[in-house]
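See structure below.
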Amino acid sequence: MNGCATAWRSQEVERLAEERAIRSKDDLRENMLKYWRFRESLFTRFNEGILLDEESWFSVTPEALAYRTAVECKCEVAMDGFCGAGGNIIQFAMTCDHVLGIDIDPVKLEMARRNAQIYGVEHKITLLWGDFCEFARDVEKVKQARLCGEEPEDTGKWGGWDRKKIDVIFMSPPWGGVEYRDPSKLKGVIPTNKKYVNAYPFAALQPVGGKKLLELTFLICDKLVMFVPRNMDLTDVADAVNEVEFGTMVHVEEMWMGQRLKALSLFFEKKGTNNKPEVPQSS
């Protein structure tokens with residue numbers, strides 16, 4: 001799979017983005033109708049042509065929460081490891097100099113590109129087609145080669161971004177669909193915490209579990225923000241922080257919209273990093 005910044009674009013991908021986009025209430029499954037009511041909280045400019053496929057309707061970060069995270073992630077270069085239809089990268093582009101978005105689905109990348117156009121920030125975004133886990137391992141290969149005094153050949157696979165500085169990584173990795181509220185229904189997931197009802201295991205985050213995603217991120221940079229289910233088992237998170245190779249700090253924020261708790265944000269950072277951004281005061 002080629003992760004080059006432009007290799008994924010084609011007329012067929014553009015056609016599929018249009019075909020898969022859900023633009024009306026009638027096209028949503030019954031158990032997803034609630035998302036239609038909140039469409040303008042997902043994108044305030046929804047009615048200007050925003051493209052979302054079915055998965056994006058329940059996985060995109062609401063705009064206000066995405067902006068809240070983007071404010072804290074303000075930096076030169078931010079990356080979204082699972083960018084989907086672009087809700088977060090659009091808001092990062094409001095606060096960061098440049099934003100990378102990576103996804104394994106070229107149709108979602110096309111939706112992200114089109115949505116970024118609507119917000120006028122496409123010029124600040126680079127979209128990469130590929131697997132975040134593979135990208136992290138390729139970054140590590142470059143770093144190890146340089147430690148040996150070598151400069152590995154740039155194949156163009158990642159548009160050169162595997163050898164450039166990235167300041168912070170954000171990710172909202174797949175939660176397993178709308179069943180995340182009852183992890184016992186998730187395929188292949190066995191909740192281990194008997195103390196808390198419906199506690200979502202950190203290991204259930206896809207594609208490789210929360211601890212592995214944390215380790216892969218630290219191959220790239222020193223800071224990670226994870227947007228995770230509101231029922232996340234925080235004892236699992238604490239165990240992962242204690243087990244990773246690098247000394248790590250984490251703080252947790254509840255992400256509320258009105259009177260509803262929507263999700264949690266986990267802010268991880270390698271110990272010894274001195275440029276931690278100030279946490280904005282809630283308005």
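All residue names refer to the structure tokens as shown: chains lettered A, B, ... in order, residues numbered from 1 in each chain, ligands numbered from 1 in order.
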- request: Would you please give, as an MDAnalysis selection string, all residues of stretch 42-273 of chain A that DSSP assigns to strand (DSSP E) based on the backbone?
  value: chainID A and resid 77:80 98:103 125:129 168:171 223:229 248:257 260:270
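Summary of the local environment: counting only C-alpha atoms, residues at most 10 Å from A:Asp138, other than itself and those fewer than 3 positions away along its chain, are Phe132, Cys133, Glu134, Phe135, Lys141, Val142, Lys143, Gln144, Lys157, Trp158, Asp162, Arg163, Leu219 and Ile220 of chain A.
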Can I get the residues of stretch 39-123 of chain A within 12 Å of stretch 200-213 of chain A, each with the closest pair of atoms and their distance in Å to one decimal, using only C-alpha atoms, sorted chain first then ascending number, as a Markdown table?
```
| residue | atom | partner | partner_atom | distance |
| --- | --- | --- | --- | --- |
| A:Gly81 | CA | A:Leu213 | CA | 9.7 |
| A:Phe82 | CA | A:Gln206 | CA | 10.3 |
| A:Ile104 | CA | A:Pro207 | CA | 11.4 |
```
Pull N, CA and C atoms from the residues just selected and write them as a compact mmCIF listing (two decimals), in the first residue's frame.
```txt
# COMPACT_ATOMS: atom_id res chain seq x y z
N GLY A 81 -3.52 10.07 13.72
CA GLY A 81 -3.16 8.73 13.27
C GLY A 81 -4.30 7.95 12.65
N PHE A 82 -5.55 8.38 12.87
CA PHE A 82 -6.73 7.71 12.30
C PHE A 82 -7.71 8.81 11.91
N ILE A 104 -6.22 4.33 6.50
CA ILE A 104 -6.05 3.21 5.57
C ILE A 104 -7.11 3.21 4.47
```
query: If we count only C-alpha atoms, what is near A:Thr61 at a cut-off of 9 Å, once residues fewer than 4 positions away on the same chain are taken out, given as a list in words?
result: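 Returned residues: Leu42, Leu65, Ala66, Gly87, Asn88, Ser172 and Phe227 of chain A.
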- request: Write out as a PyMOL selection string which residues come within 10 Å of A:His123 when counting only C-alpha atoms, dropping same-chain ones fewer than 3 positions away.
  value: chain A and resi 93+98-99+113+116-117+120+126
message: I need the residues in stretch 91-270 of chain A that are helix (DSSP H, G or I) according to DSSP; give them as number ranges by chain.
response: A: 91-95, 106-119, 122-124, 132-147, 161-163, 178-181, 183-185, 202-204, 210-217, 234-243
- request: Have a look at atom CA of A:Met255 and atom CA of A:Arg230 and let me know their distance in Å, one decimal.
  value: 8.3 Å
